Each structure stands twice: as C-alpha cells, then as structure tokens.
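**Student:** Contents of entry.txt (compact mmCIF, C-alpha atoms and all ligand atoms) are given next:
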```
# COMPACT_ATOMS: atom_id res chain seq x y z
CA MET A 1 15.73 14.98 0.43
CA LEU A 2 14.07 16.94 -2.33
CA TYR A 3 12.48 15.06 -5.19
CA PHE A 4 11.51 16.60 -8.50
CA LEU A 5 8.80 15.25 -10.71
CA ILE A 6 9.48 14.86 -14.39
CA TYR A 7 6.60 14.29 -16.78
CA ILE A 8 7.50 12.03 -19.70
CA PRO A 9 4.87 11.55 -22.38
CA ILE A 10 7.23 8.87 -23.71
CA PHE A 11 4.93 6.40 -25.24
CA ALA A 12 1.86 8.49 -25.80
CA GLU A 13 3.37 11.07 -28.07
CA LYS A 14 5.70 8.77 -29.90
CA LEU A 15 3.18 6.07 -30.56
CA HIS A 16 -0.28 7.48 -30.34
CA GLY A 17 -0.23 11.26 -30.68
CA ASN A 18 -2.09 13.02 -27.92
CA GLN A 19 -4.85 10.52 -27.37
CA ALA A 20 -4.32 10.29 -23.61
CA MET A 21 -5.90 13.74 -23.35
CA ASN A 22 -9.13 12.12 -24.36
CA ALA A 23 -10.73 10.35 -21.40
CA THR A 24 -12.73 7.96 -23.58
CA VAL A 25 -9.57 6.39 -24.97
CA THR A 26 -7.81 3.75 -22.89
CA SER A 27 -4.59 5.14 -21.46
CA VAL A 28 -2.36 4.46 -18.49
CA LEU A 29 -0.24 6.75 -16.34
CA LEU A 30 2.95 5.18 -14.95
CA ILE A 31 4.40 6.83 -11.88
CA TYR A 32 7.97 5.77 -11.29
CA THR A 33 9.04 6.48 -7.70
CA GLY A 34 12.14 4.25 -7.69
CA GLY A 35 13.20 0.90 -6.25
CA THR A 36 15.00 -2.06 -7.73
CA ILE A 37 12.73 -2.23 -10.74
CA GLY A 38 14.26 0.95 -12.14
CA MET A 39 17.88 -0.11 -11.78
CA ILE A 40 20.53 -1.47 -14.10
CA GLU A 41 23.87 -3.07 -13.41
CA ASN A 42 26.89 -0.93 -14.15
CA ALA A 43 28.82 -3.06 -16.65
CA GLN A 44 32.20 -2.00 -15.21
CA THR A 45 31.56 -2.10 -11.46
CA GLY A 46 28.62 -4.50 -11.22
CA ALA A 47 26.91 -2.03 -8.86
CA LEU A 48 23.22 -1.24 -9.20
CA GLU A 49 22.46 2.25 -10.49
CA ASN A 50 19.28 4.13 -11.22
CA PHE A 51 18.55 4.46 -14.87
CA ASN A 52 16.60 7.08 -16.72
CA PHE A 53 13.03 6.08 -17.03
CA ASP A 54 12.78 7.31 -20.58
CA LYS A 55 15.22 4.50 -21.43
CA LEU A 56 12.61 1.96 -20.36
CA GLN A 57 11.75 1.16 -23.95
CA GLU A 58 15.33 0.08 -24.59
CA TYR A 59 15.03 -2.57 -21.90
CA ILE A 60 11.42 -3.55 -22.51
CA PRO A 61 10.77 -2.96 -26.20
CA GLU A 62 7.57 -5.04 -25.84
CA ILE A 63 6.01 -2.07 -24.08
CA GLN A 64 5.43 -0.58 -27.51
CA ASN A 65 3.05 -3.42 -28.29
CA PHE A 66 0.36 -2.00 -26.04
CA LYS A 67 -2.28 -0.54 -28.29
CA PHE A 68 -2.92 2.45 -26.07
CA PRO A 69 -0.95 5.46 -24.84
CA ILE A 70 1.16 5.25 -21.70
CA ASP A 71 2.52 8.40 -20.10
CA ALA A 72 4.89 8.55 -17.18
CA TYR A 73 6.00 10.62 -14.23
CA GLN A 74 9.46 10.03 -12.87
CA PHE A 75 10.67 10.99 -9.41
CA ASP A 76 14.08 12.56 -9.80
CA PRO A 77 16.18 11.23 -8.21
CA PRO A 78 14.36 7.89 -7.96
CA MET A 79 13.99 6.89 -4.32
CA ASP A 80 14.78 3.73 -2.44
CA SER A 81 11.46 2.99 -0.80
CA SER A 82 13.10 2.74 2.63
CA ASN A 83 13.13 6.55 2.39
CA MET A 84 9.36 6.66 1.86
CA GLU A 85 7.52 9.42 3.74
CA PRO A 86 3.87 10.48 4.06
CA GLU A 87 4.76 13.59 2.05
CA ILE A 88 5.41 11.34 -0.96
CA TRP A 89 2.05 9.60 -0.41
CA ARG A 90 0.44 13.05 -0.60
CA GLU A 91 2.34 13.72 -3.82
CA LEU A 92 1.11 10.43 -5.31
CA VAL A 93 -2.46 11.29 -4.33
CA ARG A 94 -2.03 14.74 -5.92
CA ILE A 95 -0.76 13.22 -9.19
CA ILE A 96 -3.60 10.70 -9.34
CA HIS A 97 -6.22 13.32 -8.48
CA ARG A 98 -4.91 15.81 -11.05
CA ASN A 99 -4.84 13.15 -13.77
CA TYR A 100 -7.86 11.13 -12.69
CA GLU A 101 -10.13 11.98 -15.60
CA ARG A 102 -7.41 11.62 -18.23
CA TYR A 103 -6.39 8.02 -17.64
CA THR A 104 -8.08 4.66 -17.44
CA GLY A 105 -5.74 3.47 -14.72
CA PHE A 106 -2.50 4.13 -12.86
CA VAL A 107 0.61 2.03 -12.27
CA ILE A 108 3.04 3.01 -9.53
CA LEU A 109 6.53 1.55 -9.73
CA HIS A 110 7.82 1.38 -6.20
CA GLY A 111 10.54 -0.31 -4.16
CA THR A 112 9.32 -3.43 -2.44
CA ASP A 113 10.50 -2.55 1.07
CA THR A 114 7.64 -0.19 1.95
CA MET A 115 5.26 -0.91 -0.90
CA ALA A 116 2.64 -2.41 1.44
CA TYR A 117 2.65 0.79 3.55
CA THR A 118 2.20 2.99 0.49
CA ALA A 119 -0.58 0.79 -0.88
CA SER A 120 -2.37 0.83 2.47
CA ALA A 121 -2.04 4.60 2.87
CA LEU A 122 -3.29 5.29 -0.67
CA SER A 123 -6.30 3.02 -0.16
CA PHE A 124 -7.45 5.33 2.66
CA MET A 125 -6.40 8.59 1.01
CA LEU A 126 -8.20 7.94 -2.29
CA GLU A 127 -11.82 7.87 -1.14
CA GLY A 128 -14.35 6.91 -3.80
CA LEU A 129 -11.68 5.47 -6.12
CA GLU A 130 -13.23 3.91 -9.21
CA LYS A 131 -10.11 3.25 -11.24
CA PRO A 132 -7.21 0.81 -10.80
CA VAL A 133 -4.11 2.00 -8.96
CA ILE A 134 -1.61 -0.86 -9.27
CA LEU A 135 1.66 -0.82 -7.36
CA THR A 136 4.42 -3.07 -8.55
CA GLY A 137 8.19 -3.46 -8.44
CA SER A 138 10.69 -6.26 -8.68
CA GLN A 139 13.26 -8.28 -6.80
CA LEU A 140 15.75 -8.16 -9.67
CA PRO A 141 16.50 -4.95 -11.62
CA ILE A 142 14.97 -4.50 -15.02
CA GLY A 143 18.44 -4.54 -16.61
CA VAL A 144 19.19 -8.06 -15.32
CA LEU A 145 18.49 -10.99 -17.61
CA ARG A 146 16.28 -12.96 -15.18
CA THR A 147 14.37 -9.91 -14.00
CA ASP A 148 10.87 -10.33 -12.60
CA GLY A 149 10.30 -6.62 -13.26
CA LYS A 150 9.33 -7.08 -16.86
CA GLU A 151 6.44 -9.43 -16.22
CA ASN A 152 5.29 -7.43 -13.20
CA LEU A 153 5.28 -4.19 -15.17
CA MET A 154 3.60 -5.57 -18.29
CA ALA A 155 0.83 -7.34 -16.35
CA SER A 156 0.26 -4.28 -14.14
CA ILE A 157 -0.21 -2.08 -17.20
CA GLU A 158 -2.63 -4.59 -18.66
CA ILE A 159 -4.63 -4.70 -15.41
CA ALA A 160 -4.64 -0.90 -15.09
CA ALA A 161 -6.16 -0.67 -18.57
CA ALA A 162 -8.58 -3.59 -18.24
CA GLN A 163 -12.30 -2.93 -18.47
CA ASP A 164 -15.31 -5.22 -18.39
CA GLU A 165 -17.89 -5.51 -21.16
CA ASN A 166 -19.70 -2.41 -19.83
CA GLY A 167 -16.56 -0.31 -20.00
CA LYS A 168 -16.09 -0.39 -16.21
CA PRO A 169 -12.55 -0.81 -14.82
CA SER A 170 -11.94 -4.45 -13.93
CA VAL A 171 -10.34 -3.64 -10.56
CA PRO A 172 -11.26 -0.22 -9.09
CA GLU A 173 -8.93 -0.60 -6.10
CA VAL A 174 -5.42 0.17 -4.87
CA CYS A 175 -3.62 -3.13 -5.45
CA ILE A 176 -0.20 -4.71 -5.44
CA PHE A 177 0.69 -6.93 -8.37
CA PHE A 178 3.59 -9.28 -7.80
CA GLU A 179 4.59 -12.65 -9.24
CA SER A 180 1.31 -13.30 -11.08
CA HIS A 181 -0.89 -12.29 -8.15
CA LEU A 182 -3.05 -9.20 -7.87
CA MET A 183 -3.72 -8.45 -4.22
CA ARG A 184 -5.67 -5.79 -2.37
CA GLY A 185 -2.94 -3.35 -1.35
CA ASN A 186 -4.02 -2.85 2.26
CA ARG A 187 -4.08 -6.65 2.83
CA THR A 188 -0.56 -7.20 1.62
CA THR A 189 2.74 -7.72 3.43
CA LYS A 190 6.27 -8.12 2.16
CA MET A 191 7.19 -11.57 3.36
CA ASN A 192 10.19 -12.61 1.31
CA ALA A 193 13.42 -10.69 0.74
CA GLU A 194 14.81 -13.27 -1.67
CA ASN A 195 12.20 -14.98 -3.81
CA PHE A 196 10.10 -13.50 -6.58
CA ASN A 197 6.93 -14.04 -4.55
CA ALA A 198 7.82 -11.16 -2.25
CA PHE A 199 4.25 -10.30 -1.22
CA ARG A 200 1.35 -12.20 0.28
CA SER A 201 -2.18 -11.32 1.21
CA PHE A 202 -2.59 -13.75 4.09
CA ASN A 203 -6.09 -12.83 5.18
CA TYR A 204 -7.85 -12.02 1.92
CA PRO A 205 -8.01 -13.96 -1.34
CA VAL A 206 -6.23 -12.63 -4.41
CA LEU A 207 -8.23 -10.36 -6.73
CA ALA A 208 -6.77 -11.75 -9.94
CA LYS A 209 -4.17 -14.21 -11.21
CA ALA A 210 -2.08 -13.81 -14.32
CA GLY A 211 -1.50 -16.98 -16.29
CA ILE A 212 -2.10 -17.34 -20.00
CA HIS A 213 -5.05 -15.04 -19.33
CA ILE A 214 -5.56 -12.65 -16.47
CA LYS A 215 -8.37 -14.14 -14.44
CA TYR A 216 -10.34 -11.71 -12.26
CA TYR A 217 -12.20 -12.97 -9.19
CA GLU A 218 -15.21 -10.69 -9.29
CA GLY A 219 -16.55 -11.80 -5.92
CA GLN A 220 -13.41 -10.53 -4.16
CA ILE A 221 -13.24 -7.13 -5.83
CA LEU A 222 -14.52 -4.08 -3.98
CA ARG A 223 -16.92 -1.89 -5.98
CA ASN A 224 -18.77 1.25 -5.00
CA LYS A 225 -22.51 0.61 -5.14
CA GLU A 226 -23.26 4.02 -6.63
CA LYS A 227 -21.11 6.21 -8.81
CA ARG A 228 -18.71 8.18 -6.62
CA ILE A 229 -16.49 11.16 -7.13
CA LEU A 230 -12.83 10.74 -6.16
CA LYS A 231 -12.20 12.56 -2.89
CA PRO A 232 -8.47 12.90 -2.20
CA HIS A 233 -7.31 13.12 1.42
CA TYR A 234 -4.03 14.67 2.46
CA LEU A 235 -4.27 14.78 6.25
CA LEU A 236 -2.05 12.31 8.08
CA ASP A 237 -0.73 12.46 11.62
CA THR A 238 2.42 10.40 12.17
CA ASN A 239 2.27 10.31 15.97
CA VAL A 240 1.89 6.55 15.87
CA ALA A 241 4.19 3.80 17.23
CA VAL A 242 4.38 0.01 17.05
CA LEU A 243 4.99 -2.01 20.21
CA LYS A 244 5.88 -5.62 19.50
CA LEU A 245 5.61 -7.93 22.51
CA PHE A 246 8.16 -10.61 23.33
CA PRO A 247 8.67 -12.77 26.40
CA GLY A 248 10.79 -10.82 28.86
CA ILE A 249 9.76 -7.37 27.66
CA GLN A 250 10.73 -4.90 30.38
CA GLU A 251 8.60 -2.34 32.14
CA ASN A 252 10.92 0.50 31.13
CA VAL A 253 10.59 -0.42 27.45
CA VAL A 254 6.78 -0.37 27.58
CA ASP A 255 6.92 2.80 29.66
CA ALA A 256 9.18 4.55 27.17
CA ILE A 257 6.83 3.81 24.27
CA LEU A 258 3.60 4.67 26.05
CA ASN A 259 5.11 7.96 27.22
CA ILE A 260 6.57 9.17 23.93
CA LYS A 261 5.92 12.92 23.76
CA GLY A 262 2.92 13.59 21.51
CA ILE A 263 2.09 9.94 20.86
CA LYS A 264 -1.56 9.44 19.89
CA ALA A 265 -1.85 5.81 18.85
CA ILE A 266 -0.03 2.52 19.29
CA VAL A 267 -0.24 -0.66 17.29
CA LEU A 268 0.28 -3.41 19.84
CA GLU A 269 1.60 -6.56 18.18
CA THR A 270 0.40 -9.38 20.40
CA TYR A 271 0.59 -13.18 20.30
CA GLY A 272 -1.80 -15.55 18.52
CA THR A 273 -5.40 -14.43 18.63
CA GLY A 274 -4.47 -11.21 20.42
CA ASN A 275 -2.97 -12.38 23.69
CA ALA A 276 -0.57 -10.55 25.96
CA PRO A 277 1.07 -11.11 29.36
CA GLN A 278 -1.22 -10.73 32.32
CA LYS A 279 1.28 -8.93 34.52
CA GLU A 280 -0.46 -6.24 36.52
CA TRP A 281 2.11 -3.53 35.70
CA PHE A 282 1.61 -4.17 31.98
CA LEU A 283 -2.19 -4.06 32.03
CA ASN A 284 -2.19 -1.01 34.34
CA LYS A 285 0.09 0.90 32.00
CA LEU A 286 -2.12 0.12 29.00
CA CYS A 287 -5.17 1.13 31.00
CA GLN A 288 -3.60 4.46 32.01
CA ALA A 289 -2.46 5.19 28.46
CA SER A 290 -5.95 4.48 27.07
CA ALA A 291 -7.50 6.70 29.73
CA LYS A 292 -5.10 9.48 28.66
CA GLY A 293 -6.54 9.22 25.12
CA ILE A 294 -3.89 7.07 23.46
CA VAL A 295 -5.58 4.68 21.05
CA ILE A 296 -4.10 1.17 21.38
CA VAL A 297 -4.92 -1.32 18.64
CA ASN A 298 -4.39 -5.05 19.04
CA ILE A 299 -2.82 -6.76 15.99
CA THR A 300 -1.52 -10.31 15.95
CA GLN A 301 2.13 -11.09 15.27
CA CYS A 302 0.94 -14.08 13.22
CA ASN A 303 0.84 -13.56 9.48
CA ALA A 304 -2.55 -15.18 9.07
CA GLY A 305 -5.66 -15.19 11.22
CA THR A 306 -7.48 -12.64 13.30
CA VAL A 307 -7.44 -11.11 16.76
CA ASP A 308 -10.31 -12.29 18.91
CA MET A 309 -9.94 -10.69 22.31
CA GLU A 310 -12.82 -12.54 23.87
CA ARG A 311 -11.34 -15.96 23.26
CA TYR A 312 -8.79 -16.16 26.08
CA GLU A 313 -8.57 -14.45 29.45
CA THR A 314 -5.25 -12.89 28.31
CA GLY A 315 -6.97 -11.11 25.43
CA TYR A 316 -10.01 -10.20 27.49
CA ARG A 317 -7.87 -8.36 30.02
CA LEU A 318 -6.59 -6.16 27.17
CA LEU A 319 -10.15 -5.35 26.19
CA GLN A 320 -10.81 -4.28 29.76
CA ALA A 321 -7.69 -2.10 29.59
CA GLY A 322 -9.27 -0.13 26.73
CA VAL A 323 -7.34 -1.79 23.89
CA VAL A 324 -9.32 -2.03 20.64
CA CYS A 325 -9.44 -5.03 18.35
CA GLY A 326 -7.48 -4.77 15.09
CA TYR A 327 -9.12 -7.91 13.67
CA ASP A 328 -7.07 -9.41 10.80
CA SER A 329 -5.34 -6.17 9.86
CA THR A 330 -1.75 -6.09 8.71
CA THR A 331 0.59 -3.85 10.69
CA GLU A 332 1.07 -1.71 7.57
CA SER A 333 -2.64 -1.13 7.27
CA ALA A 334 -3.18 -0.46 11.00
CA VAL A 335 -0.34 2.09 11.13
CA THR A 336 -1.50 4.03 8.07
CA LYS A 337 -5.18 3.85 9.02
CA LEU A 338 -4.34 5.36 12.42
CA MET A 339 -2.27 8.11 10.74
CA PHE A 340 -5.25 8.80 8.48
CA LEU A 341 -7.90 8.86 11.24
CA ILE A 342 -5.84 10.85 13.71
CA GLY A 343 -4.82 13.22 10.92
CA HIS A 344 -8.49 13.98 10.37
CA GLY A 345 -8.80 15.20 13.94
CA TYR A 346 -11.21 12.56 15.24
CA SER A 347 -11.42 12.14 19.01
CA PRO A 348 -9.78 9.00 20.49
CA GLU A 349 -13.25 7.52 20.98
CA GLU A 350 -14.16 8.15 17.35
CA VAL A 351 -10.82 6.71 16.14
CA ARG A 352 -11.45 3.57 18.23
CA LYS A 353 -14.91 3.23 16.68
CA ARG A 354 -13.61 3.70 13.15
CA MET A 355 -10.84 1.13 13.70
CA ASN A 356 -13.67 -1.37 14.07
CA HIS A 357 -15.04 -0.60 10.62
CA SER A 358 -13.57 -1.23 7.22
CA ILE A 359 -12.78 1.87 5.15
CA ALA A 360 -11.30 0.19 2.08
CA GLY A 361 -11.68 -3.55 2.69
CA GLU A 362 -8.66 -3.66 5.02
CA ILE A 363 -10.26 -5.82 7.75
CA SER A 364 -12.83 -8.61 7.89
CA VAL A 365 -15.46 -7.70 10.48
N1 LIG B 1 15.41 -1.24 -1.25
C1 LIG B 1 14.58 -1.38 -2.42
C2 LIG B 1 13.38 -0.48 -2.24
O1 LIG B 1 12.48 -0.81 -1.53
C3 LIG B 1 14.19 -2.80 -2.60
C4 LIG B 1 13.30 -3.07 -3.79
O2 LIG B 1 12.97 -2.25 -4.58
O3 LIG B 1 12.92 -4.22 -3.93
O4 LIG B 1 13.37 0.59 -2.81
```
Could you write out this file's structure as structure tokens?
Ligand code: ASP

**Tutor:**
Amino acid sequence: MLYFLIYIPIFAEKLHGNQAMNATVTSVLLIYTGGTIGMIENAQTGALENFNFDKLQEYIPEIQNFKFPIDAYQFDPPMDSSNMEPEIWRELVRIIHRNYERYTGFVILHGTDTMAYTASALSFMLEGLEKPVILTGSQLPIGVLRTDGKENLMASIEIAAAQDENGKPSVPEVCIFFESHLMRGNRTTKMNAENFNAFRSFNYPVLAKAGIHIKYYEGQILRNKEKRILKPHYLLDTNVAVLKLFPGIQENVVDAILNIKGIKAIVLETYGTGNAPQKEWFLNKLCQASAKGIVIVNITQCNAGTVDMERYETGYRLLQAGVVCGYDSTTESAVTKLMFLIGHGYSPEEVRKRMNHSIAGEISV
C-alpha cells in the first residue's frame, strides 16, 4: 500500500502566523498515521470511517486554546496500525529528523494495535533524542461522545511542549501516553482491547501522570548526560521470528521456526523466570541453531518480572545452549531491538552482547 504524506500547517498559520519556523518558540508537530483516534461514525451506517485531519478542530475546538503553534502531517490514506511496517518507522524517523530543530516536541497519533512496536523501534532509531516524541491514540474514535481520544491528544500535546525551568524538555524520550499515564515507549505493551487503560508498563514505573496537573517523575526519566546531536538510524533487518513455548509443542514446529530460510534471530517466549522444557531434542536444536549464528533471546511470557536463567536448572540448560538473557524486556522491544542490531550488520556475537545492554532504557540490567 502506498501512503502519501500531507503537510497541514492547520493551527500554526491560522492562529499564530509562521512562528513554528522559529526554534525558540514552543511548537509541536503532530504526525497522524491513523488508527481509531482519527475516525468518526458515519451517521447513516454507523460504520467507522477515517476523517480528514484538518477537520480535527471541528471535533476538538479546545485545541485552539493552546498558546503555541501546532502543525501536522497526515498519512493519506490513514492506516490501521495492523498494517504497520518498518518502512513507515523509517518515514517517521525521517519526518522527525527533518523537523527536529523546528519543533519543541512531536506527537504521533497511531492505532493502538502496534503502537508498542512503533514506540520501541523509534526509541532505538532516534539515537541522542533530546525532545519528546509522544505516541498516543484511543479506544473510541474522536467523533464518539465518550471518546478517550480527546484527553489523550490534549495531554500528549501538553507533554510534548512541556519544558522545565531551564528550558529543557520535560521528557526527552519516546513515550506512549494513554489514560493519564506517560510510559517509556519501549517498556509498554497493549494489554487491554476493551478498556481505556489499553497500555501498561509492567516492568518500569510511569514517567508522568496527568491529573489536575501533569506530574513528572524526574527520577524515572532518561536524560543524556551531555548535549547530543540527534542521529537517525534507518537500518533494520526483519529476519526475526517469535517462538512461544507451550506444553506439548512439537519437534516439527520448533524445527520449522529454527530453519526458516534467512532467519537471523529468534525471540523465545519461555515460562516464568525464563524456563523451558528439558527435552534433549529441544535443547539440541537450540544449541545447533545458536552454533549456526542464530541469535536466540529468552523473554518471559509473564507480563511482569524478569528472566533469570541461572535460577532453575531449566533456564540454565538454555544458557548452555547459547540462548541469551532478555531480562525484563517486552516482546515488542526485543523484536525491534534485534531488527535494529541485525540491520546494522553486527556479528551474532556482537548482537548477543548488545542484547545484554540497554540502548534506550528498554531493560533493567
Ligand atoms: N485497529 C486499530 C489500529 O491499531 C485499533 C486502534 O486504533 O485502537 O489502528
């Protein structure tokens, strides 16, 4: 599918002239990729349809109350995030890089289904980020009376523009804002398909909470020690697979995954603290795959907690088979980190080493 990008200086020109051109003035760039947040209900059929982003003001007139310019990019047609592809992540990185000096912060409106993957990928691709990149969306379309989209959007814009008393961005990270919670993007998982609290960061505390005031938890926020220049990365290799264990998993299933043509890395979703069956055929196959240069990363199927492969014999055997620890990583983060590392051409040994270090606060080691 081909997507076009439409630039809409909707709010900036109408409300504030061309101030967004001036980097010293607070300004926010909204990038609308699609998802439920950008939908309205067709009055006749009741079906959800995409609506033109430049109509946003009709649905959220309060947006005009922001005292700073907001420009927007719209993907045309807007995409359901189940169609998300690494090529779109590259496009998002390109947009942010090209506009980096012009805006105080960025808000990406995105479908909820793959938002955690996009947030994780961007956290690795935007090295040296010193400005907020806030992803948000909604469970109910903006055109529906009880929508959660309005609050999510308004708070995300406020956070993207927020600066401390020294003029430094309050949250210089790729984040997801949902239902009053600002979370580190690469720690977040979609965990509810029904309720407004669709996302959770199980293994890392929230970065901010929106109540009457937006309260930032400084101790949790990642900051570069020295001033850094944004270094965008575009290289991703998608030869990655996920193998989720379950009792009764058959040899031919494991075989098929480990022998996928061109496969370079596997996220192995294990039990509890990183445990797996001790069947000889299983461990031998993992051992052979590792020896062939396939990087296998151990992630727990549990939502919260960390892999500790030295805790039980079952985990230890995996370590001996060459499997590397994924610590408390989400699957979304492990998959995109592997795409990123393999894409940069590192050897399997180097990828294994780098999986043990945090790039953007994605694991606790
Ligand atoms: N299927 C939609 C999407 O991810 C769901 C949503 O936006 O919440 O694009």

**Student:** So which residues touch Gly248 in chain A within 12 Å, counting all atoms listed in the file, skipping near sequence neighbours fewer than 4 positions away, as a short mmCIF file (atom, residue, chain, number, x, y, z; two decimals) with C-alpha atoms, keeping the file's coordinate frame?

**Tutor:**
```
data_model
loop_
_atom_site.label_atom_id
_atom_site.label_comp_id
_atom_site.auth_asym_id
_atom_site.auth_seq_id
_atom_site.Cartn_x
_atom_site.Cartn_y
_atom_site.Cartn_z
CA LYS A 244 5.88 -5.62 19.50
CA ASN A 252 10.92 0.50 31.13
CA VAL A 253 10.59 -0.42 27.45
CA VAL A 254 6.78 -0.37 27.58
CA ALA A 276 -0.57 -10.55 25.96
CA PRO A 277 1.07 -11.11 29.36
CA LYS A 279 1.28 -8.93 34.52
CA PHE A 282 1.61 -4.17 31.98
#
```

**Student:** Taking only C-alpha atoms and all ligand atoms into account, list the residues no farther than 12 Å from ligand LIG 1 (chain B), as a PyMOL selection string.

**Tutor:** chain A and resi 32-39+48-50+78-84+109-118+135-142+147-149+178+190-199

**Student:** What does the distance from CA of Lys292 in chain A to CA of Glu280 in chain A come to in Å, to one decimal?

**Tutor:** 18.2 Å

**Student:** Name the residues in contact with Ile212 in chain A at a cut-off of 12 Å, using all atoms listed in the file, excluding same-chain residues fewer than 3 positions from it; report them as a PDB file with C-alpha atoms, in the coordinates of the input.

**Tutor:**
```pdb
ATOM      1  CA  ALA A 155       0.830  -7.340 -16.350  1.00  0.00           C
ATOM      2  CA  SER A 180       1.310 -13.300 -11.080  1.00  0.00           C
ATOM      3  CA  LYS A 209      -4.170 -14.210 -11.210  1.00  0.00           C
ATOM      4  CA  LYS A 215      -8.370 -14.140 -14.440  1.00  0.00           C
TER       5      LYS A 215
END
```

**Student:** So the first atom is CA of Gly305 in chain A and the second is CA of Pro205 in chain A; what is the distance between them in Å, to one decimal place?

**Tutor:**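 Separation between CA of Gly305 in chain A and CA of Pro205 in chain A: 12.8 Å.
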
**Student:** Which neighbours of range 234-241 of chain A fall inside 10 Å, counting all atoms listed in the file, when residues of the same chain fewer than 4 positions from it are skipped, and could you give them as a PDB file with C-alpha atoms, in the coordinates of the input?

**Tutor:**
```
ATOM      1  CA  GLU A  85       7.520   9.420   3.740  1.00  0.00           C
ATOM      2  CA  PRO A  86       3.870  10.480   4.060  1.00  0.00           C
ATOM      3  CA  GLU A  87       4.760  13.590   2.050  1.00  0.00           C
ATOM      4  CA  TRP A  89       2.050   9.600  -0.410  1.00  0.00           C
ATOM      5  CA  ARG A  90       0.440  13.050  -0.600  1.00  0.00           C
ATOM      6  CA  GLU A  91       2.340  13.720  -3.820  1.00  0.00           C
ATOM      7  CA  VAL A  93      -2.460  11.290  -4.330  1.00  0.00           C
ATOM      8  CA  ARG A  94      -2.030  14.740  -5.920  1.00  0.00           C
ATOM      9  CA  ALA A 121      -2.040   4.600   2.870  1.00  0.00           C
ATOM     10  CA  LEU A 122      -3.290   5.290  -0.670  1.00  0.00           C
ATOM     11  CA  PHE A 124      -7.450   5.330   2.660  1.00  0.00           C
ATOM     12  CA  MET A 125      -6.400   8.590   1.010  1.00  0.00           C
ATOM     13  CA  LEU A 126      -8.200   7.940  -2.290  1.00  0.00           C
ATOM     14  CA  ILE A 257       6.830   3.810  24.270  1.00  0.00           C
ATOM     15  CA  LEU A 258       3.600   4.670  26.050  1.00  0.00           C
ATOM     16  CA  ILE A 260       6.570   9.170  23.930  1.00  0.00           C
ATOM     17  CA  LYS A 261       5.920  12.920  23.760  1.00  0.00           C
ATOM     18  CA  GLY A 262       2.920  13.590  21.510  1.00  0.00           C
ATOM     19  CA  ILE A 263       2.090   9.940  20.860  1.00  0.00           C
ATOM     20  CA  LYS A 264      -1.560   9.440  19.890  1.00  0.00           C
ATOM     21  CA  ALA A 265      -1.850   5.810  18.850  1.00  0.00           C
ATOM     22  CA  ILE A 266      -0.030   2.520  19.290  1.00  0.00           C
ATOM     23  CA  VAL A 267      -0.240  -0.660  17.290  1.00  0.00           C
ATOM     24  CA  LEU A 268       0.280  -3.410  19.840  1.00  0.00           C
ATOM     25  CA  ILE A 294      -3.890   7.070  23.460  1.00  0.00           C
ATOM     26  CA  VAL A 295      -5.580   4.680  21.050  1.00  0.00           C
ATOM     27  CA  ILE A 296      -4.100   1.170  21.380  1.00  0.00           C
ATOM     28  CA  ALA A 334      -3.180  -0.460  11.000  1.00  0.00           C
ATOM     29  CA  VAL A 335      -0.340   2.090  11.130  1.00  0.00           C
ATOM     30  CA  THR A 336      -1.500   4.030   8.070  1.00  0.00           C
ATOM     31  CA  LYS A 337      -5.180   3.850   9.020  1.00  0.00           C
ATOM     32  CA  LEU A 338      -4.340   5.360  12.420  1.00  0.00           C
ATOM     33  CA  MET A 339      -2.270   8.110  10.740  1.00  0.00           C
ATOM     34  CA  PHE A 340      -5.250   8.800   8.480  1.00  0.00           C
ATOM     35  CA  LEU A 341      -7.900   8.860  11.240  1.00  0.00           C
ATOM     36  CA  ILE A 342      -5.840  10.850  13.710  1.00  0.00           C
ATOM     37  CA  GLY A 343      -4.820  13.220  10.920  1.00  0.00           C
ATOM     38  CA  HIS A 344      -8.490  13.980  10.370  1.00  0.00           C
ATOM     39  CA  GLY A 345      -8.800  15.200  13.940  1.00  0.00           C
TER      40      GLY A 345
END
```

**Student:** Step by step: start from the point (-4.9, -5.2, 13.7) in the file's coordinates, keep every protein, DNA or RNA residue that has an atom no farther than 7 Å from it, count all atoms listed in the file, and write the set as a short mmCIF file (atom, residue, chain, number, x, y, z; two decimals) with C-alpha atoms, in the frame of the given file.

**Tutor:**
```
data_model
loop_
_atom_site.label_atom_id
_atom_site.label_comp_id
_atom_site.auth_asym_id
_atom_site.auth_seq_id
_atom_site.Cartn_x
_atom_site.Cartn_y
_atom_site.Cartn_z
CA VAL A 297 -4.92 -1.32 18.64
CA ASN A 298 -4.39 -5.05 19.04
CA ILE A 299 -2.82 -6.76 15.99
CA THR A 300 -1.52 -10.31 15.95
CA CYS A 325 -9.44 -5.03 18.35
CA GLY A 326 -7.48 -4.77 15.09
CA TYR A 327 -9.12 -7.91 13.67
CA ASP A 328 -7.07 -9.41 10.80
CA SER A 329 -5.34 -6.17 9.86
CA THR A 330 -1.75 -6.09 8.71
CA THR A 331 0.59 -3.85 10.69
CA ALA A 334 -3.18 -0.46 11.00
#
```

**Student:** So the first atom is CA of Ser201 in chain A and the second is CA of Gly128 in chain A; what is the distance between them in Å, to one decimal place?

**Tutor:** 22.5 Å

**Student:** Taking into account all atoms listed in the file, which residue in the set A:Gln44, A:Ser358, A:Gln64, A:Gln74 is nearest to Ile31 in chain A?

**Tutor:**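 Selected residue with least distance to Ile31 in chain A: A:Gln74.
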
**Student:** Need the shell around Leu222 in chain A: protein/DNA/RNA residues with any atom at most 8 Å away, counting only C-alpha atoms. Skip same-chain ones fewer than 2 positions apart. Format as a list in words?

**Tutor:** Val171, Pro172, Glu173, Gln220, Asn224 and Gly361 of chain A

**Student:** For a quick check of understanding, using all atoms listed in the file, which of A:Leu153, A:Val351, A:Ala304, A:Val107 has the smallest distance to Phe202 in chain A?

**Tutor:**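 Result for the nearest residue to Phe202 in chain A: A:Ala304.
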
**Student:** Name the closest residue to Thr270 in chain A among the candidates A:Ile88, A:Ile359, A:Val307, A:Ile229; distances are taken between atoms, counting all atoms listed in the file.

**Tutor:**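 Closest to Thr270 in chain A, using all atoms listed in the file: A:Val307.
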